[in-house]
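K.L.:
Before I ask anything, here is the structure I am working with.
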Amino acid sequence: MKLAPTMKLTAALAASALALTACGGADGADDEIKIGISQFVSHDSLDAVAEGFKAGMEEAGYDDVVYDEQNPQADMATNTAIAGQFAADADLDLVLAIATPSAQAVAQAVTDTPVLFSAITDPVEAKLVESLEAPGGNVTGTSDKNPVKEQLELLKQLSPDAESVGIVYSSGEINSQVQVEWAKEAGEELGLTIEETAISASSEVQQAAAGLDVDAFYVPTDNQVVSALAGLLQVAEDKSAPVISADGASVEKGAVATYGINYEKLGEQTAAMAARILSGDAEPATMPVETLTEVELYINTESADKLGIEIPQDLLDAAAEVYEKIEEPEEAEGDE
Amino acid sequence: MITAVELGLIYAIMALGVYLTFRILDFPDLTVDGSFTTGAATASILIVNGTNPLVATVCAFFAGAAAGVITGLLHTKGNIDGLLAGILTMIALYSINLRIMGKANVPLLGEDTLLSPLRANGWLGSWISVGLLLLGCLIAVAIIVWFLHTDVGMAMRATGDNPEMIRSFGVSTDNQKILGLALSNGLVAFSGALIAQFQGYADIGMGIGIILIGLASVIVGQAIFSQRFIWLAALAVVFGAVLYRLVIQFALGAGLEVNDMKLISAVLVVLALILPQVRAFRKLGARIQITSRGTTKAVEPDAEEKQNA
C-alpha cells in the first residue's frame, strides 16, 4: 500500500544518481586478473603510488589487469563501505590499499583475498601486521617510513650551528605523531633538541611555527602542515631557520633540502610484491613489509640562497632533483 | 551491497539520536559530529586495554550522554543559542577525543569486539548479520517509542512542540532539553562505538559530517513514511539511514566521482524535502496518512497548510 510512493522516490533517486554518472563500472570476466584499489584521498604522493603500481604491474607482464579503483576522499563511512564492497567481490584477486585508514578498513573486512598496503608510515602501530618481518595474515605491503635520521643529518651538514629543531604537526594525524617520535630518537643521537607544537587545523601552522624558538624546522609528511607550508616557510625565513622537509614535493615549494621518498617507485615496488603473490610464488603472511631502499636527494637552491646556506658541490652532484626556483603557490611574490 | 545495509543499520542508531533532538525536541544539535567520535574513542581505548566490548560500548553511551548534557547546560543555563552551544561542545570534543585516545587513530584490528563473534562465524556481509543488526535497531526503536510514551517522554515531546504550554504546567523545559540531548548523544556515541568496531579503527576524523548523514536519514525516511505514529516515524528513520547508504553505494558502484558524494547527499536531502510538496507526487502518495496531532513536526503538515492556504 505504501510501497508505491516508496518505490517512486527510490526510482527518482536512482535516476538522478544515474544521470550524474560519468562512466559505467567495469565488470571483470572470471579468467582475467582483477585488482581492487582503495585510495583514501587524492593527494600528489598517493596518486603517484597508484600510478607507480599500475606501471609496475605492466612491467611485470600483467598488462590487461582490470582495476576497480575507489577513493572515498577521506570520508570514513564511504571508506568502510568500499572495504565491504571489496570483501563481497569474489572476482577480486588482490586488493591494494593506499594510506592508513583505507588499509585498516580493508584489512578488517577482506580476510580471504591477499591485501597489499602502501604509503603506510608504521604498519605495526596501525596493527596491520604482527611484525615487519612476518606479517602473519593476508596483509602485507610497503611502508613509506621516511629516513628521519638521514634527513636530520642532512640538516646538520647544511647548517652545522643548528642546535634545536622545531616540528609543527597536526594532532589529528597518527603518522605525524610517529614521525615526531622518530625525530626525537634521531635528535638525541645527533645532539639536536626537538621542540614540537601540535595544531588541529592548517590555519594554525604559521602561528605555531612562530611560537617555536628554534634554529631550524623539520616538516613531517603531515597533510595539514604541508598544505600550509607557505606560512611555515615565511616564519622560517624571518628566523633565518632552514627548513628540512620529509618529502621531495615540499622542497620544490621552498624547503631547503631532503632525502625523500619517490612515491611512484614505492608503487612499483608494491606491484613487484603483487606479481609474486599473483604468480603463487609468495604468501602475504610470510612476505616482510618492504621499505624503499633508495631515497633521493632534493635540493632547492633559491631557498638555500635566501638563508645564506652554501650547498656543497658534492651534494648538488648527488641530488636527484635541484630546484632553482621556489614554486609559488598562488600569486608570485616578486623578490629580487 | 550487504555491507551498505549493515552500515546503514549501525548508522540508524545515530540517526535515531538525531531524530530525538531534531524532530522531538526541535533542537538543531551539532554536538553529534564530536560525540560520535567520543563514543568510538571511548569504546576503542577501553577495548584495547582489555575491557569487555559490551561494557566498553555501554561506557561509550554514557560518554556521549555526558557530552549532550554539556550542550544542554550551555544552552539552558548559559543561555547560549542552541546551534552555537552544539558547535562549542563539538569543537571542545576534538581535544577531549584526542585526550581519550592519546593519539589520532586507535586500531582495533585483531581485538575482541562486539562484532567479533559475527566475523568469526562468517556472518558479517551476510543476511544473518543484517537480521541481527535489524533486530538491534528494532529494540532501540522499541525503547525510544516506549520512552516517548512515558510521562517524561510526553513532557519531552511537548517541550519540542509547545514549550510555553508545558512550562505553564510547571514542567521544566530546561531539564527536558538536557535529558533529550543526553539520550540523543548517548545513542550517537553508541553508534560511533559500533562503527569503530565494525571498521576496525577509531579515528579522530570519523565524526566529520555525521550530522549530514543523520539529518539525511531522518528527512529521507520521514518523506516516505507516514508521521501518524511515533513508532512509524522512528522506523522511518531506520529505513532512511539504510536507504541513504544504499544510494551512496549505488552511486559509487555506478562509477560516480567520489568528490561528488557530498553533493549527492545534499541533493538527496533536498529531494526528500521538496518532493512531498509537489502536487503530482502528493497525488501518487495520497495514501500517506497525514496528521499534525502534535506527535512530530513532520514535513507534510507544512506542505498541507501551504496547499490549504
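Naming works like this for the C-alpha cells: A, B, ... for the chains as they're shown, residue 1 at the start of each chain, ligands 1 onward in shown order.
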Quick one: residues within 8 Å of stretch 239-245 of chain B, only C-alpha atoms counted, chain neighbours fewer than 3 positions away excluded, as a list in words?
P.N.:
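In the requested form, the answer reads Ala4, Val5, Glu6, Leu7, Gly8, Leu9, Tyr11, Ala12, Ala15, Ile213, Gly214, Ala216, Ser217, Val218, Ile219, Val220, Gly221, Gln222, Leu235, Ala236, Ile248 and Gln249 of chain B.
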K.L.:
For the residues selected in the previous step, produce a file with N, CA, C and O atoms as a compact mmCIF listing (two decimals), in the first residue's frame.
P.N.:
# COMPACT_ATOMS: atom_id res chain seq x y z
N ALA B 4 26.58 -2.16 2.82
CA ALA B 4 25.89 -0.87 2.88
C ALA B 4 24.68 -0.96 3.81
O ALA B 4 24.43 -0.05 4.60
N VAL B 5 23.96 -2.09 3.75
CA VAL B 5 22.81 -2.26 4.62
C VAL B 5 23.27 -2.36 6.08
O VAL B 5 22.69 -1.74 6.97
N GLU B 6 24.35 -3.15 6.29
CA GLU B 6 24.89 -3.27 7.66
C GLU B 6 25.28 -1.90 8.21
O GLU B 6 24.91 -1.53 9.33
N LEU B 7 26.05 -1.16 7.40
CA LEU B 7 26.47 0.18 7.83
C LEU B 7 25.26 1.06 8.09
O LEU B 7 25.20 1.78 9.09
N GLY B 8 24.28 0.98 7.18
CA GLY B 8 23.07 1.79 7.34
C GLY B 8 22.38 1.49 8.66
O GLY B 8 21.92 2.40 9.35
N LEU B 9 22.33 0.21 9.03
CA LEU B 9 21.65 -0.17 10.27
C LEU B 9 22.42 0.33 11.49
O LEU B 9 21.82 0.72 12.49
N TYR B 11 24.43 3.01 11.47
CA TYR B 11 24.23 4.46 11.47
C TYR B 11 22.81 4.84 11.88
O TYR B 11 22.55 5.96 12.31
N ALA B 12 21.88 3.89 11.73
CA ALA B 12 20.49 4.17 12.09
C ALA B 12 20.37 4.52 13.57
O ALA B 12 19.55 5.36 13.96
N ALA B 15 21.15 7.98 13.75
CA ALA B 15 20.06 8.76 13.17
C ALA B 15 18.88 8.86 14.15
O ALA B 15 18.21 9.90 14.22
N ILE B 213 24.66 12.94 7.60
CA ILE B 213 24.10 11.60 7.44
C ILE B 213 22.86 11.44 8.31
O ILE B 213 21.84 10.90 7.89
N GLY B 214 22.95 11.96 9.54
CA GLY B 214 21.83 11.85 10.47
C GLY B 214 20.60 12.58 9.95
O GLY B 214 19.50 12.03 9.91
N ALA B 216 19.98 13.56 6.90
CA ALA B 216 19.52 12.96 5.66
C ALA B 216 18.65 11.74 5.96
O ALA B 216 17.58 11.55 5.38
N SER B 217 19.10 10.90 6.90
CA SER B 217 18.35 9.70 7.25
C SER B 217 16.97 10.06 7.79
O SER B 217 15.96 9.47 7.40
N VAL B 218 16.93 11.04 8.70
CA VAL B 218 15.66 11.44 9.31
C VAL B 218 14.73 12.00 8.24
O VAL B 218 13.56 11.61 8.13
N ILE B 219 15.26 12.89 7.41
CA ILE B 219 14.40 13.58 6.43
C ILE B 219 13.95 12.64 5.31
O ILE B 219 12.78 12.62 4.93
N VAL B 220 14.88 11.85 4.80
CA VAL B 220 14.53 10.91 3.73
C VAL B 220 13.49 9.90 4.23
O VAL B 220 12.48 9.65 3.58
N GLY B 221 13.76 9.36 5.41
CA GLY B 221 12.84 8.37 5.98
C GLY B 221 11.45 8.96 6.17
O GLY B 221 10.44 8.34 5.83
N GLN B 222 11.40 10.18 6.69
CA GLN B 222 10.11 10.76 7.01
C GLN B 222 9.39 11.27 5.78
O GLN B 222 8.19 11.48 5.81
N LEU B 235 10.72 4.13 12.92
CA LEU B 235 11.09 3.11 11.93
C LEU B 235 11.54 3.77 10.62
O LEU B 235 12.47 3.30 9.96
N ALA B 236 10.86 4.86 10.29
CA ALA B 236 11.20 5.58 9.06
C ALA B 236 12.65 6.07 9.11
O ALA B 236 13.35 6.07 8.10
N ILE B 248 24.32 5.94 -1.69
CA ILE B 248 25.76 6.23 -1.79
C ILE B 248 26.48 5.05 -2.45
O ILE B 248 27.29 5.22 -3.36
N GLN B 249 26.15 3.84 -1.99
CA GLN B 249 26.77 2.63 -2.52
C GLN B 249 26.47 2.48 -4.01
O GLN B 249 27.33 2.17 -4.82
K.L.:
Going by DSSP on the backbone, which residues of stretch 10-165 of chain A come out as strand (DSSP E or B)? List them as a ChimeraX atom specification.
P.N.:
/A:34-39,66-70,94-98,115-120,139-143,164-165
K.L.:
Can I get the selected residues back with N, CA, C and O atoms, as an mmCIF file, in the first residue's frame?
P.N.:
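again03.cif written:
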data_model
loop_
_atom_site.group_PDB
_atom_site.id
_atom_site.type_symbol
_atom_site.label_atom_id
_atom_site.label_comp_id
_atom_site.auth_asym_id
_atom_site.auth_seq_id
_atom_site.Cartn_x
_atom_site.Cartn_y
_atom_site.Cartn_z
ATOM 1 N N LYS A 34 41.759 -9.292 -11.567
ATOM 2 C CA LYS A 34 41.035 -8.097 -11.141
ATOM 3 C C LYS A 34 41.590 -7.628 -9.798
ATOM 4 O O LYS A 34 41.695 -8.414 -8.853
ATOM 5 N N ILE A 35 41.958 -6.369 -9.756
ATOM 6 C CA ILE A 35 42.557 -5.820 -8.543
ATOM 7 C C ILE A 35 41.741 -4.623 -8.068
ATOM 8 O O ILE A 35 41.422 -3.725 -8.842
ATOM 9 N N GLY A 36 41.369 -4.645 -6.799
ATOM 10 C CA GLY A 36 40.660 -3.515 -6.212
ATOM 11 C C GLY A 36 41.652 -2.552 -5.583
ATOM 12 O O GLY A 36 42.569 -2.981 -4.882
ATOM 13 N N ILE A 37 41.494 -1.275 -5.860
ATOM 14 C CA ILE A 37 42.380 -0.278 -5.245
ATOM 15 C C ILE A 37 41.539 0.668 -4.405
ATOM 16 O O ILE A 37 40.617 1.303 -4.896
ATOM 17 N N SER A 38 41.840 0.737 -3.114
ATOM 18 C CA SER A 38 41.163 1.693 -2.252
ATOM 19 C C SER A 38 42.180 2.735 -1.819
ATOM 20 O O SER A 38 43.084 2.458 -1.036
ATOM 21 N N GLN A 39 42.053 3.929 -2.384
ATOM 22 C CA GLN A 39 42.983 5.017 -2.048
ATOM 23 C C GLN A 39 42.230 6.018 -1.206
ATOM 24 O O GLN A 39 41.210 6.555 -1.624
ATOM 25 N N VAL A 66 42.208 -5.724 -14.721
ATOM 26 C CA VAL A 66 41.049 -4.846 -14.526
ATOM 27 C C VAL A 66 41.165 -4.231 -13.136
ATOM 28 O O VAL A 66 41.300 -4.948 -12.149
ATOM 29 N N TYR A 67 41.177 -2.905 -13.078
ATOM 30 C CA TYR A 67 41.276 -2.228 -11.790
ATOM 31 C C TYR A 67 39.917 -1.690 -11.359
ATOM 32 O O TYR A 67 39.234 -1.034 -12.135
ATOM 33 N N ASP A 68 39.557 -2.003 -10.141
ATOM 34 C CA ASP A 68 38.365 -1.403 -9.545
ATOM 35 C C ASP A 68 38.873 -0.331 -8.580
ATOM 36 O O ASP A 68 39.190 -0.610 -7.434
ATOM 37 N N GLU A 69 39.000 0.898 -9.103
ATOM 38 C CA GLU A 69 39.603 1.961 -8.300
ATOM 39 C C GLU A 69 38.546 2.732 -7.525
ATOM 40 O O GLU A 69 37.595 3.237 -8.101
ATOM 41 N N GLN A 70 38.725 2.796 -6.222
ATOM 42 C CA GLN A 70 37.775 3.510 -5.373
ATOM 43 C C GLN A 70 38.524 4.502 -4.497
ATOM 44 O O GLN A 70 39.644 4.235 -4.067
ATOM 45 N N LEU A 94 43.220 -9.542 -5.780
ATOM 46 C CA LEU A 94 44.109 -8.843 -4.858
ATOM 47 C C LEU A 94 43.526 -7.463 -4.565
ATOM 48 O O LEU A 94 42.808 -6.905 -5.396
ATOM 49 N N VAL A 95 43.813 -6.954 -3.377
ATOM 50 C CA VAL A 95 43.367 -5.596 -3.051
ATOM 51 C C VAL A 95 44.582 -4.763 -2.674
ATOM 52 O O VAL A 95 45.442 -5.209 -1.916
ATOM 53 N N LEU A 96 44.663 -3.561 -3.247
ATOM 54 C CA LEU A 96 45.708 -2.609 -2.868
ATOM 55 C C LEU A 96 45.055 -1.495 -2.065
ATOM 56 O O LEU A 96 44.086 -0.882 -2.525
ATOM 57 N N ALA A 97 45.563 -1.259 -0.859
ATOM 58 C CA ALA A 97 45.013 -0.193 -0.023
ATOM 59 C C ALA A 97 46.088 0.861 0.184
ATOM 60 O O ALA A 97 47.180 0.555 0.656
ATOM 61 N N ILE A 98 45.771 2.094 -0.178
ATOM 62 C CA ILE A 98 46.755 3.167 -0.087
ATOM 63 C C ILE A 98 46.377 4.124 1.037
ATOM 64 O O ILE A 98 45.268 4.655 1.047
ATOM 65 N N VAL A 115 45.886 -8.875 0.574
ATOM 66 C CA VAL A 115 45.794 -7.410 0.646
ATOM 67 C C VAL A 115 47.197 -6.824 0.713
ATOM 68 O O VAL A 115 48.014 -7.260 1.527
ATOM 69 N N LEU A 116 47.485 -5.875 -0.169
ATOM 70 C CA LEU A 116 48.753 -5.157 -0.105
ATOM 71 C C LEU A 116 48.456 -3.721 0.285
ATOM 72 O O LEU A 116 47.500 -3.126 -0.206
ATOM 73 N N PHE A 117 49.265 -3.164 1.187
ATOM 74 C CA PHE A 117 49.090 -1.749 1.504
ATOM 75 C C PHE A 117 50.312 -0.999 1.014
ATOM 76 O O PHE A 117 51.365 -1.584 0.751
ATOM 77 N N SER A 118 50.160 0.302 0.859
ATOM 78 C CA SER A 118 51.295 1.143 0.508
ATOM 79 C C SER A 118 51.120 2.509 1.142
ATOM 80 O O SER A 118 50.007 2.885 1.520
ATOM 81 N N ALA A 119 52.240 3.228 1.278
ATOM 82 C CA ALA A 119 52.239 4.556 1.892
ATOM 83 C C ALA A 119 51.744 4.519 3.334
ATOM 84 O O ALA A 119 50.983 5.375 3.777
ATOM 85 N N ILE A 120 52.141 3.493 4.073
ATOM 86 C CA ILE A 120 51.821 3.406 5.498
ATOM 87 C C ILE A 120 53.101 3.730 6.259
ATOM 88 O O ILE A 120 54.136 3.107 6.025
ATOM 89 N N VAL A 139 47.722 -9.838 4.925
ATOM 90 C CA VAL A 139 48.040 -8.439 4.668
ATOM 91 C C VAL A 139 49.543 -8.178 4.767
ATOM 92 O O VAL A 139 50.186 -8.563 5.741
ATOM 93 N N THR A 140 50.104 -7.558 3.737
ATOM 94 C CA THR A 140 51.482 -7.066 3.798
ATOM 95 C C THR A 140 51.581 -5.907 2.816
ATOM 96 O O THR A 140 50.566 -5.497 2.253
ATOM 97 N N GLY A 141 52.793 -5.372 2.623
ATOM 98 C CA GLY A 141 52.897 -4.257 1.687
ATOM 99 C C GLY A 141 54.149 -3.440 1.869
ATOM 100 O O GLY A 141 55.158 -3.946 2.359
ATOM 101 N N THR A 142 54.055 -2.168 1.477
ATOM 102 C CA THR A 142 55.220 -1.298 1.557
ATOM 103 C C THR A 142 54.940 -0.131 2.492
ATOM 104 O O THR A 142 53.829 0.373 2.566
ATOM 105 N N SER A 143 55.995 0.263 3.201
ATOM 106 C CA SER A 143 55.891 1.372 4.136
ATOM 107 C C SER A 143 56.624 2.578 3.557
ATOM 108 O O SER A 143 57.619 2.430 2.862
ATOM 109 N N SER A 164 68.711 23.354 17.764
ATOM 110 C CA SER A 164 67.320 22.975 18.056
ATOM 111 C C SER A 164 66.507 22.942 16.763
ATOM 112 O O SER A 164 66.701 23.757 15.875
ATOM 113 N N VAL A 165 65.611 21.975 16.704
ATOM 114 C CA VAL A 165 64.779 21.802 15.512
ATOM 115 C C VAL A 165 63.312 21.833 15.928
ATOM 116 O O VAL A 165 62.902 21.130 16.854
#
K.L.:
Please return, as a PyMOL selection string, all residues of stretch 27-203 of chain A that DSSP assigns to helix (DSSP H, G or I) on the basis of the backbone.
P.N.:
chain A and resi 44-59+76-88+100-109+148-158+174-190+202-203
K.L.:
Stretch 287-299 of chain A: which residues within 8 Å, counting only C-alpha atoms, same-chain residues fewer than 2 positions away excluded, as a count of residues only?
P.N.:
35
K.L.:
What does the distance from atom CA of A:Asp222 to atom CA of A:Ser45 come to in Å, to one decimal?
P.N.:
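Between these atoms lies a distance of 11.7 Å.
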K.L.:
Which neighbours of B:Ala65 fall inside 8 Å, counting only C-alpha atoms, when residues of the same chain fewer than 2 positions from it are skipped, and could you give them as a ChimeraX atom specification?
P.N.:
/B:61-63,67-69,181-187,189
K.L.:
Okay, now the selection with all heavy atoms, as an mmCIF file, in the first residue's frame?
P.N.:
data_model
loop_
_atom_site.group_PDB
_atom_site.id
_atom_site.type_symbol
_atom_site.label_atom_id
_atom_site.label_comp_id
_atom_site.auth_asym_id
_atom_site.auth_seq_id
_atom_site.Cartn_x
_atom_site.Cartn_y
_atom_site.Cartn_z
ATOM 1 N N PHE B 61 28.202 4.956 25.422
ATOM 2 C CA PHE B 61 26.887 5.606 25.501
ATOM 3 C C PHE B 61 26.918 6.724 26.544
ATOM 4 O O PHE B 61 26.476 7.840 26.294
ATOM 5 C CB PHE B 61 25.811 4.573 25.843
ATOM 6 C CG PHE B 61 24.432 5.156 26.021
ATOM 7 C CD1 PHE B 61 23.576 5.251 24.944
ATOM 8 C CD2 PHE B 61 24.011 5.620 27.259
ATOM 9 C CE1 PHE B 61 22.297 5.803 25.101
ATOM 10 C CE2 PHE B 61 22.748 6.177 27.425
ATOM 11 C CZ PHE B 61 21.895 6.263 26.342
ATOM 12 N N PHE B 62 27.465 6.406 27.721
ATOM 13 C CA PHE B 62 27.455 7.399 28.800
ATOM 14 C C PHE B 62 28.402 8.564 28.513
ATOM 15 O O PHE B 62 28.132 9.714 28.881
ATOM 16 C CB PHE B 62 27.767 6.728 30.143
ATOM 17 C CG PHE B 62 26.612 5.902 30.641
ATOM 18 C CD1 PHE B 62 26.654 4.520 30.625
ATOM 19 C CD2 PHE B 62 25.443 6.524 31.082
ATOM 20 C CE1 PHE B 62 25.579 3.757 31.053
ATOM 21 C CE2 PHE B 62 24.357 5.780 31.514
ATOM 22 C CZ PHE B 62 24.426 4.395 31.499
ATOM 23 N N ALA B 63 29.508 8.278 27.829
ATOM 24 C CA ALA B 63 30.422 9.361 27.453
ATOM 25 C C ALA B 63 29.710 10.331 26.513
ATOM 26 O O ALA B 63 29.802 11.556 26.666
ATOM 27 C CB ALA B 63 31.675 8.791 26.780
ATOM 28 N N ALA B 67 28.459 14.394 26.978
ATOM 29 C CA ALA B 67 28.657 15.480 26.018
ATOM 30 C C ALA B 67 27.337 16.192 25.753
ATOM 31 O O ALA B 67 27.288 17.431 25.687
ATOM 32 C CB ALA B 67 29.233 14.934 24.715
ATOM 33 N N GLY B 68 26.264 15.419 25.632
ATOM 34 C CA GLY B 68 24.945 16.004 25.403
ATOM 35 C C GLY B 68 24.517 16.885 26.568
ATOM 36 O O GLY B 68 23.941 17.963 26.369
ATOM 37 N N VAL B 69 24.817 16.435 27.792
ATOM 38 C CA VAL B 69 24.467 17.218 28.984
ATOM 39 C C VAL B 69 25.177 18.569 28.941
ATOM 40 O O VAL B 69 24.597 19.616 29.262
ATOM 41 C CB VAL B 69 24.841 16.441 30.271
ATOM 42 C CG1 VAL B 69 24.777 17.353 31.491
ATOM 43 C CG2 VAL B 69 23.925 15.236 30.454
ATOM 44 N N LEU B 181 18.990 15.817 25.046
ATOM 45 C CA LEU B 181 20.318 15.910 24.428
ATOM 46 C C LEU B 181 21.227 14.791 24.911
ATOM 47 O O LEU B 181 22.036 14.249 24.149
ATOM 48 C CB LEU B 181 20.951 17.275 24.743
ATOM 49 C CG LEU B 181 20.418 18.425 23.886
ATOM 50 C CD1 LEU B 181 20.737 19.767 24.511
ATOM 51 C CD2 LEU B 181 21.023 18.346 22.494
ATOM 52 N N ALA B 182 21.087 14.446 26.201
ATOM 53 C CA ALA B 182 21.908 13.361 26.752
ATOM 54 C C ALA B 182 21.570 12.042 26.061
ATOM 55 O O ALA B 182 22.455 11.317 25.594
ATOM 56 C CB ALA B 182 21.699 13.249 28.255
ATOM 57 N N LEU B 183 20.274 11.748 25.965
ATOM 58 C CA LEU B 183 19.845 10.499 25.314
ATOM 59 C C LEU B 183 20.300 10.465 23.862
ATOM 60 O O LEU B 183 20.847 9.473 23.377
ATOM 61 C CB LEU B 183 18.324 10.381 25.364
ATOM 62 C CG LEU B 183 17.715 9.893 26.661
ATOM 63 C CD1 LEU B 183 16.196 9.900 26.546
ATOM 64 C CD2 LEU B 183 18.225 8.493 26.988
ATOM 65 N N SER B 184 20.083 11.579 23.175
ATOM 66 C CA SER B 184 20.422 11.666 21.763
ATOM 67 C C SER B 184 21.908 11.404 21.539
ATOM 68 O O SER B 184 22.306 10.556 20.735
ATOM 69 C CB SER B 184 20.046 13.052 21.241
ATOM 70 O OG SER B 184 20.688 13.299 20.024
ATOM 71 N N ASN B 185 22.751 12.131 22.276
ATOM 72 C CA ASN B 185 24.193 11.974 22.072
ATOM 73 C C ASN B 185 24.707 10.645 22.599
ATOM 74 O O ASN B 185 25.718 10.132 22.121
ATOM 75 C CB ASN B 185 24.950 13.148 22.697
ATOM 76 C CG ASN B 185 24.847 14.387 21.836
ATOM 77 O OD1 ASN B 185 25.446 14.466 20.776
ATOM 78 N ND2 ASN B 185 24.046 15.342 22.271
ATOM 79 N N GLY B 186 23.983 10.083 23.572
ATOM 80 C CA GLY B 186 24.318 8.737 24.019
ATOM 81 C C GLY B 186 24.140 7.735 22.873
ATOM 82 O O GLY B 186 25.017 6.901 22.611
ATOM 83 N N LEU B 187 23.019 7.857 22.180
ATOM 84 C CA LEU B 187 22.762 6.966 21.035
ATOM 85 C C LEU B 187 23.795 7.190 19.932
ATOM 86 O O LEU B 187 24.299 6.239 19.332
ATOM 87 C CB LEU B 187 21.358 7.220 20.473
ATOM 88 C CG LEU B 187 20.191 6.677 21.296
ATOM 89 C CD1 LEU B 187 18.864 7.224 20.780
ATOM 90 C CD2 LEU B 187 20.177 5.152 21.257
ATOM 91 N N ALA B 189 26.856 8.282 20.257
ATOM 92 C CA ALA B 189 28.140 7.731 20.682
ATOM 93 C C ALA B 189 28.126 6.200 20.621
ATOM 94 O O ALA B 189 29.113 5.562 20.260
ATOM 95 C CB ALA B 189 28.467 8.197 22.100
#
K.L.:
Residues near stretch 103-106 of chain B, anyone? I mean within 10 Å using only C-alpha atoms, not counting same-chain ones fewer than 5 positions away, as a list of chain:residue names.
P.N.:
A:Thr100, A:Pro101, A:Glu125, A:Ala126, A:Lys127, A:Ser170, A:Ser171, A:Gly172, A:Glu173, A:Ile174, A:Asn175, A:Ser176, A:Gln177, A:Val178, B:Ala40, B:Ala41, B:Ser44, B:Ile45, B:Val48, B:Asn97, B:Leu98, B:Ala196, B:Gly200, B:Tyr201, B:Ala202, B:Asp203, B:Ile204, B:Gly205, B:Met206
